[in-house]
Every structure is written in structure tokens, then in C-alpha cells.
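**Student:** Structure provided below as C-alpha cells; questions to follow.
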Amino acid sequence: MKPSIKIIPIIIAAILIIFQYFSSTKFRNPETGKVSRGALDSSDEAVLGLQSYREVLSSSDVVASGPEADLVNRVAKRLIPATGVVANDFQWEVSVVRSTQANAFCLPGGKIVVYTGILPSTKNEAGLAAVLGHEMAHATLHHGSQRLLKQGLLQTALVGTSAAIGDMDTGKRQMVMAALGAGAQYGVILPFSRGDESEADQTGLIYMARAGYDPQEAVAFWERMSQSGGAKPPALLSDHPSDTARIQRLRDELPKAQAEYEKARRN
Ligand SMILES: [Zn+2]
């Protein structure tokens, strides 16, 4: 009897996967020392991030001035230098969008979008710094790029970056954009993995502390979020579950972040 599994396609697939893996971009997180691989290199990320940013802004009510824009800009301005060398090739930019959605994200390459709907939950400057630090960490740690590689979307992404993204079919395109972090905007929620979430928590905490914000406020923010899961949970929670495990992990990271905070306050 012949075996029912065909071996040749498996070998070809394995070779392709090995090739994809070793031709991918290697990233090193200077905060944790962790090495990872992603489907896109930094310049491809920047191209896709910028395109996505423009699309989001062109279909949104952008708040160019006033107290909300001032607040967001002030916090971002303090956080950006705190990201250190890893973000040297980032072109940071931040925009505020009028929306009832409680959400914020940072696209690969450093384009940040904050919805006014999140400001009541962040409550104060340090609370906002906790959210932005976390979102910026997803970008500096290249989580979108890693996610693309993991999902085997390398091919799609390469086609996309060769300026042909407009010709990509809508479904694929939405997947790429969602993988890069603009999920909610495209109606496709693609949660980051738990590992990515805790890495972004850990690194984001360091960023906010280094920027001179009390890292305790990050714990306070997620505690507020975990208590607010009422009738209509904030959009941020759809891909950032706020559970006791997350809050505990943040608490575990506090001593290291507190040391950064003390250092920032002395300077
Ligand atoms: Zn996250």
C-alpha cells in the first residue's frame, strides 16, 4: 500500500520555509537582549508605515491644535528620545484624531496615532505615556514585521513594498496592514502574541521611566482598564486584554523601571 502523505510537497515547503527564515531581517532588542526575525527590514517597514499613516489620517478628523494635541505632542516628545539607538532610523510623527474610540497605535517606522477617545482612560500625562510607551515599543521591537514573517506573509509583504500595494487584493492588503498594527482601522483585529505583549509592556515601561514618568502609573492604567470592561470595553482592550497576569508582570518589572525613573529624575 502506498503511503497517503506525499513527501515531495513537504520537502519543497520545508526548503521554502528555511529560505524565508534565513533571508529574513534579524533584530535585536537592546533593552532585553532578545534577538528576533521579521519579514520586512526597517526601510520597508517605514514605507508601509507611512502609507498606512496617510490613509488613516486622510479618512479621519485630525486635531491639529488645542489642549488635546498639546498634551499628546508633549508626551510623545519626551518619549521619543527615551527609545534610544534602536529608533535612530525612525521618522517619528504623532497625530491626534477626533474619535470616540479609546485607541492608540504606533506604526512601523514611528508614525503614532492617538484617538481622543483614549484620553479619559489615560487620565493624566503619565497614563498616556504608559499607553504610548507600550505602542512605540511594538514598533521599535518590530513586532509587526515579526508577525508578518510568522504568518508566512513574506511574499505578500515584498510585493506590497515594491510600491505595488495598491494592486494587492483587498483581503491580503487588510491582512498586511492589520499585521503592521493598524488593525482596528481596517476592521481586522490581529492580536499581538502574548510574548509580544509582555515584551512591549516591559520595554514601554522602561521608555516611560526614562522619559521621567512614574512607571507605577502604567500599573494604575491597566488596573483602571481591567475594571472598566463594562458594556462597551475600550477598543484598545480588543487586542490588549487587561488581565491580572499582565498587571502582575508589570509589577514584576517595576523595580528595574523605578531605577530608570530615579536616574531620569536626577538628570
Ligand atoms: Zn500591545
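Residue names in the C-alpha cells use chain letters A, B, ... in the order shown, residue numbers from 1 in each chain, and ligand numbers from 1 in the order shown.
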Lys263 (chain A): which residues within 10 Å, counting only C-alpha atoms, same-chain residues fewer than 6 positions away excluded, as a list in words?

**Tutor:**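 So, after excluding close chain neighbours, the residues are Ala209, Arg210, Gly212 and Ala257 of chain A.
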
**Student:** Which residues of chain A sit at most 10 Å from ligand 1, using only C-alpha atoms and all ligand atoms? Give each one's shortest atom pair and distance in Å (one decimal place), in chain and ascending residue order, as a Markdown table.

**Tutor:**
```
| residue | atom | partner | partner_atom_place_in_ligand_line | distance |
| --- | --- | --- | --- | --- |
| A:Ala104 | CA | ligand 1 | 1 (Zn) | 9.9 |
| A:Phe105 | CA | ligand 1 | 1 (Zn) | 8.6 |
| A:Cys106 | CA | ligand 1 | 1 (Zn) | 9.9 |
| A:Val131 | CA | ligand 1 | 1 (Zn) | 8.7 |
| A:Leu132 | CA | ligand 1 | 1 (Zn) | 9.9 |
| A:Gly133 | CA | ligand 1 | 1 (Zn) | 9.9 |
| A:His134 | CA | ligand 1 | 1 (Zn) | 6.2 |
| A:Glu135 | CA | ligand 1 | 1 (Zn) | 6.0 |
| A:Met136 | CA | ligand 1 | 1 (Zn) | 9.2 |
| A:Ala137 | CA | ligand 1 | 1 (Zn) | 8.4 |
| A:His138 | CA | ligand 1 | 1 (Zn) | 6.5 |
| A:Ala139 | CA | ligand 1 | 1 (Zn) | 9.9 |
| A:His143 | CA | ligand 1 | 1 (Zn) | 9.4 |
| A:Gly181 | CA | ligand 1 | 1 (Zn) | 9.2 |
| A:Pro191 | CA | ligand 1 | 1 (Zn) | 8.0 |
| A:Phe192 | CA | ligand 1 | 1 (Zn) | 6.4 |
| A:Ser193 | CA | ligand 1 | 1 (Zn) | 8.7 |
| A:Arg194 | CA | ligand 1 | 1 (Zn) | 8.9 |
| A:Gly195 | CA | ligand 1 | 1 (Zn) | 10.0 |
| A:Asp196 | CA | ligand 1 | 1 (Zn) | 7.2 |
| A:Glu197 | CA | ligand 1 | 1 (Zn) | 4.9 |
| A:Ser198 | CA | ligand 1 | 1 (Zn) | 8.0 |
| A:Glu199 | CA | ligand 1 | 1 (Zn) | 8.8 |
| A:Ala200 | CA | ligand 1 | 1 (Zn) | 6.2 |
| A:Asp201 | CA | ligand 1 | 1 (Zn) | 7.4 |
| A:Gly204 | CA | ligand 1 | 1 (Zn) | 9.6 |
| A:Leu236 | CA | ligand 1 | 1 (Zn) | 8.5 |
| A:Leu237 | CA | ligand 1 | 1 (Zn) | 9.2 |
| A:Asp239 | CA | ligand 1 | 1 (Zn) | 7.1 |
| A:His240 | CA | ligand 1 | 1 (Zn) | 5.6 |
| A:Pro241 | CA | ligand 1 | 1 (Zn) | 9.0 |
```

**Student:** Store the residues picked out above, limited to C-alpha atoms, as a PDB file, in the first residue's frame.

**Tutor:**
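Just written: part-v9.pdb:
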```
ATOM      1  CA  ALA A 104      -3.857  54.477  20.008  1.00  0.00           C
ATOM      2  CA  PHE A 105      -1.229  52.790  17.864  1.00  0.00           C
ATOM      3  CA  CYS A 106       2.276  53.315  16.541  1.00  0.00           C
ATOM      4  CA  VAL A 131      -0.008  53.661  26.536  1.00  0.00           C
ATOM      5  CA  LEU A 132       2.294  55.413  24.076  1.00  0.00           C
ATOM      6  CA  GLY A 133       5.430  53.790  25.522  1.00  0.00           C
ATOM      7  CA  HIS A 134       3.830  50.388  25.002  1.00  0.00           C
ATOM      8  CA  GLU A 135       2.649  51.169  21.462  1.00  0.00           C
ATOM      9  CA  MET A 136       6.015  52.688  20.499  1.00  0.00           C
ATOM     10  CA  ALA A 137       7.723  49.569  21.842  1.00  0.00           C
ATOM     11  CA  HIS A 138       5.676  47.389  19.459  1.00  0.00           C
ATOM     12  CA  ALA A 139       7.179  49.487  16.633  1.00  0.00           C
ATOM     13  CA  HIS A 143       6.529  43.210  16.193  1.00  0.00           C
ATOM     14  CA  GLY A 181      -0.582  47.361  13.691  1.00  0.00           C
ATOM     15  CA  PRO A 191      -3.811  40.499  18.271  1.00  0.00           C
ATOM     16  CA  PHE A 192      -0.125  40.559  19.025  1.00  0.00           C
ATOM     17  CA  SER A 193       1.037  37.365  20.686  1.00  0.00           C
ATOM     18  CA  ARG A 194       1.268  37.202  24.461  1.00  0.00           C
ATOM     19  CA  GLY A 195       5.033  37.204  24.148  1.00  0.00           C
ATOM     20  CA  ASP A 196       4.938  40.403  22.063  1.00  0.00           C
ATOM     21  CA  GLU A 197       2.573  41.997  24.562  1.00  0.00           C
ATOM     22  CA  SER A 198       4.765  41.322  27.554  1.00  0.00           C
ATOM     23  CA  GLU A 199       7.868  42.441  25.656  1.00  0.00           C
ATOM     24  CA  ALA A 200       6.101  45.710  24.716  1.00  0.00           C
ATOM     25  CA  ASP A 201       4.968  46.133  28.335  1.00  0.00           C
ATOM     26  CA  GLY A 204       7.374  50.517  27.210  1.00  0.00           C
ATOM     27  CA  LEU A 236      -7.539  49.210  22.931  1.00  0.00           C
ATOM     28  CA  LEU A 237      -8.660  46.237  25.017  1.00  0.00           C
ATOM     29  CA  ASP A 239      -6.195  43.422  21.213  1.00  0.00           C
ATOM     30  CA  HIS A 240      -4.715  44.257  24.624  1.00  0.00           C
ATOM     31  CA  PRO A 241      -6.525  42.139  27.178  1.00  0.00           C
TER      32      PRO A 241
END
```

**Student:** Would you kindly return, as a list of chain:residue names, each protein, DNA or RNA residue with an atom no farther than 6 Å from any atom of Gly38 (chain A), considering only C-alpha atoms and excluding same-chain residues fewer than 5 positions away?

**Tutor:**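 Counting only the stated atoms, we get A:Ser24, A:Thr25, A:Ser145, A:Gln146, A:Leu149.
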
**Student:** Choose the residue, out of A:Leu57, A:Val219, A:Ala129, A:Val94, that has the smallest atom-to-atom separation from Ala69 (chain A); count only C-alpha atoms.

**Tutor:**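 Nearest to Ala69 (chain A): A:Val94.
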
**Student:** Between CA of Leu128 (chain A) and CA of Ile80 (chain A), measure the distance and give it in Å to one decimal.

**Tutor:**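 Those two atoms sit 13.6 Å apart.
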
**Student:** What separation in Å, quoted to one decimal, exists between CA of Pro215 (chain A) and CA of Trp92 (chain A)?

**Tutor:**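 Computed distance, CA of Pro215 (chain A) to CA of Trp92 (chain A), equals 22.5 Å.
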
**Student:** Which of these residues is nearest to Ala259 (chain A), using only C-alpha atoms: A:Ala245, A:Ala218, A:Leu205, A:Leu107?

**Tutor:**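 Using only C-alpha atoms, the shortest distance to Ala259 (chain A) belongs to A:Leu205.
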
**Student:** Would you mind listing what lies within 9 Å of Asn73 (chain A) as a list in words, with only C-alpha atoms counted and same-chain residues fewer than 5 positions away left out?

**Tutor:**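 Here the qualifying residues turn out to be Glu68, Arg78, Val94, Ser95 and Val96 of chain A.
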
**Student:** Counting only C-alpha atoms, figure out which residue out of A:Glu262, A:Asp61, A:Tyr53, A:Glu31 gets nearest to Gln202 (chain A).

**Tutor:** A:Glu31

**Student:** I'd like the neighbourhood of region 121-126 of chain A as a ChimeraX atom specification, where a residue qualifies if any of its atoms comes within 7 Å (using only C-alpha atoms), though same-chain residues fewer than 3 positions away should be ignored.

**Tutor:** /A:75,118,129-130,213-214,217,221

**Student:** Between A:Ala211, A:Tyr261, A:Met225, A:Ile206, which residue has the minimum interatomic distance to Arg246 (chain A), considering only C-alpha atoms?

**Tutor:**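 Ranking A:Ala211, A:Tyr261, A:Met225, A:Ile206 by distance to Arg246 (chain A), first place goes to A:Met225.
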
**Student:** With distances taken over only C-alpha atoms, which of A:Val63, A:Val35, A:Leu50, A:Leu141 is nearest to Val86 (chain A)?

**Tutor:** A:Leu141

**Student:** Here is a test: counting only C-alpha atoms, which residue of A:Thr203, A:Glu55, A:Leu250, A:Gly127 is nearest to Thr32 (chain A)?

**Tutor:**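 Nearest to Thr32 (chain A): A:Thr203.
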
**Student:** Val97 (chain A): which residues within 7 Å, counting only C-alpha atoms, same-chain residues fewer than 4 positions away excluded, as a PDB file with all heavy atoms, in the first residue's frame?

**Tutor:**
```pdb
ATOM      1  N   SER A  60      -9.763  60.573   8.541  1.00  0.00           N
ATOM      2  CA  SER A  60     -10.051  60.891   9.942  1.00  0.00           C
ATOM      3  C   SER A  60     -10.168  62.386  10.162  1.00  0.00           C
ATOM      4  O   SER A  60      -9.719  63.185   9.348  1.00  0.00           O
ATOM      5  CB  SER A  60      -8.929  60.353  10.847  1.00  0.00           C
ATOM      6  OG  SER A  60      -8.736  58.985  10.671  1.00  0.00           O
ATOM      7  N   ASP A  61     -10.753  62.741  11.294  1.00  0.00           N
ATOM      8  CA  ASP A  61     -10.870  64.134  11.714  1.00  0.00           C
ATOM      9  C   ASP A  61      -9.638  64.453  12.577  1.00  0.00           C
ATOM     10  O   ASP A  61      -9.616  64.155  13.762  1.00  0.00           O
ATOM     11  CB  ASP A  61     -12.179  64.283  12.502  1.00  0.00           C
ATOM     12  CG  ASP A  61     -12.385  65.678  13.062  1.00  0.00           C
ATOM     13  OD1 ASP A  61     -11.596  66.597  12.718  1.00  0.00           O
ATOM     14  OD2 ASP A  61     -13.341  65.853  13.858  1.00  0.00           O
ATOM     15  N   VAL A  62      -8.613  65.032  11.945  1.00  0.00           N
ATOM     16  CA  VAL A  62      -7.345  65.271  12.634  1.00  0.00           C
ATOM     17  C   VAL A  62      -7.442  66.519  13.504  1.00  0.00           C
ATOM     18  O   VAL A  62      -7.925  67.565  13.072  1.00  0.00           O
ATOM     19  CB  VAL A  62      -6.185  65.410  11.621  1.00  0.00           C
ATOM     20  CG1 VAL A  62      -4.871  65.714  12.329  1.00  0.00           C
ATOM     21  CG2 VAL A  62      -6.055  64.137  10.786  1.00  0.00           C
ATOM     22  N   VAL A  63      -7.000  66.402  14.754  1.00  0.00           N
ATOM     23  CA  VAL A  63      -6.997  67.525  15.692  1.00  0.00           C
ATOM     24  C   VAL A  63      -5.604  68.148  15.653  1.00  0.00           C
ATOM     25  O   VAL A  63      -4.648  67.592  16.193  1.00  0.00           O
ATOM     26  CB  VAL A  63      -7.323  67.046  17.136  1.00  0.00           C
ATOM     27  CG1 VAL A  63      -7.400  68.216  18.092  1.00  0.00           C
ATOM     28  CG2 VAL A  63      -8.619  66.232  17.156  1.00  0.00           C
ATOM     29  N   VAL A 114      -3.150  58.821  17.913  1.00  0.00           N
ATOM     30  CA  VAL A 114      -3.858  58.757  19.195  1.00  0.00           C
ATOM     31  C   VAL A 114      -5.283  59.233  18.985  1.00  0.00           C
ATOM     32  O   VAL A 114      -5.515  60.313  18.457  1.00  0.00           O
ATOM     33  CB  VAL A 114      -3.161  59.646  20.266  1.00  0.00           C
ATOM     34  CG1 VAL A 114      -3.922  59.621  21.587  1.00  0.00           C
ATOM     35  CG2 VAL A 114      -1.709  59.212  20.472  1.00  0.00           C
ATOM     36  N   TYR A 115      -6.259  58.423  19.368  1.00  0.00           N
ATOM     37  CA  TYR A 115      -7.668  58.812  19.276  1.00  0.00           C
ATOM     38  C   TYR A 115      -8.032  59.561  20.556  1.00  0.00           C
ATOM     39  O   TYR A 115      -7.643  59.122  21.651  1.00  0.00           O
ATOM     40  CB  TYR A 115      -8.551  57.566  19.147  1.00  0.00           C
ATOM     41  CG  TYR A 115      -8.384  56.828  17.837  1.00  0.00           C
ATOM     42  CD1 TYR A 115      -7.337  55.944  17.639  1.00  0.00           C
ATOM     43  CD2 TYR A 115      -9.275  57.026  16.791  1.00  0.00           C
ATOM     44  CE1 TYR A 115      -7.181  55.267  16.444  1.00  0.00           C
ATOM     45  CE2 TYR A 115      -9.130  56.358  15.580  1.00  0.00           C
ATOM     46  CZ  TYR A 115      -8.080  55.474  15.413  1.00  0.00           C
ATOM     47  OH  TYR A 115      -7.939  54.819  14.219  1.00  0.00           O
ATOM     48  N   THR A 116      -8.783  60.653  20.404  1.00  0.00           N
ATOM     49  CA  THR A 116      -9.147  61.447  21.590  1.00  0.00           C
ATOM     50  C   THR A 116      -9.934  60.598  22.598  1.00  0.00           C
ATOM     51  O   THR A 116      -9.885  60.861  23.794  1.00  0.00           O
ATOM     52  CB  THR A 116      -9.993  62.683  21.209  1.00  0.00           C
ATOM     53  OG1 THR A 116     -11.058  62.254  20.352  1.00  0.00           O
ATOM     54  CG2 THR A 116      -9.158  63.740  20.515  1.00  0.00           C
TER      55      THR A 116
END
```
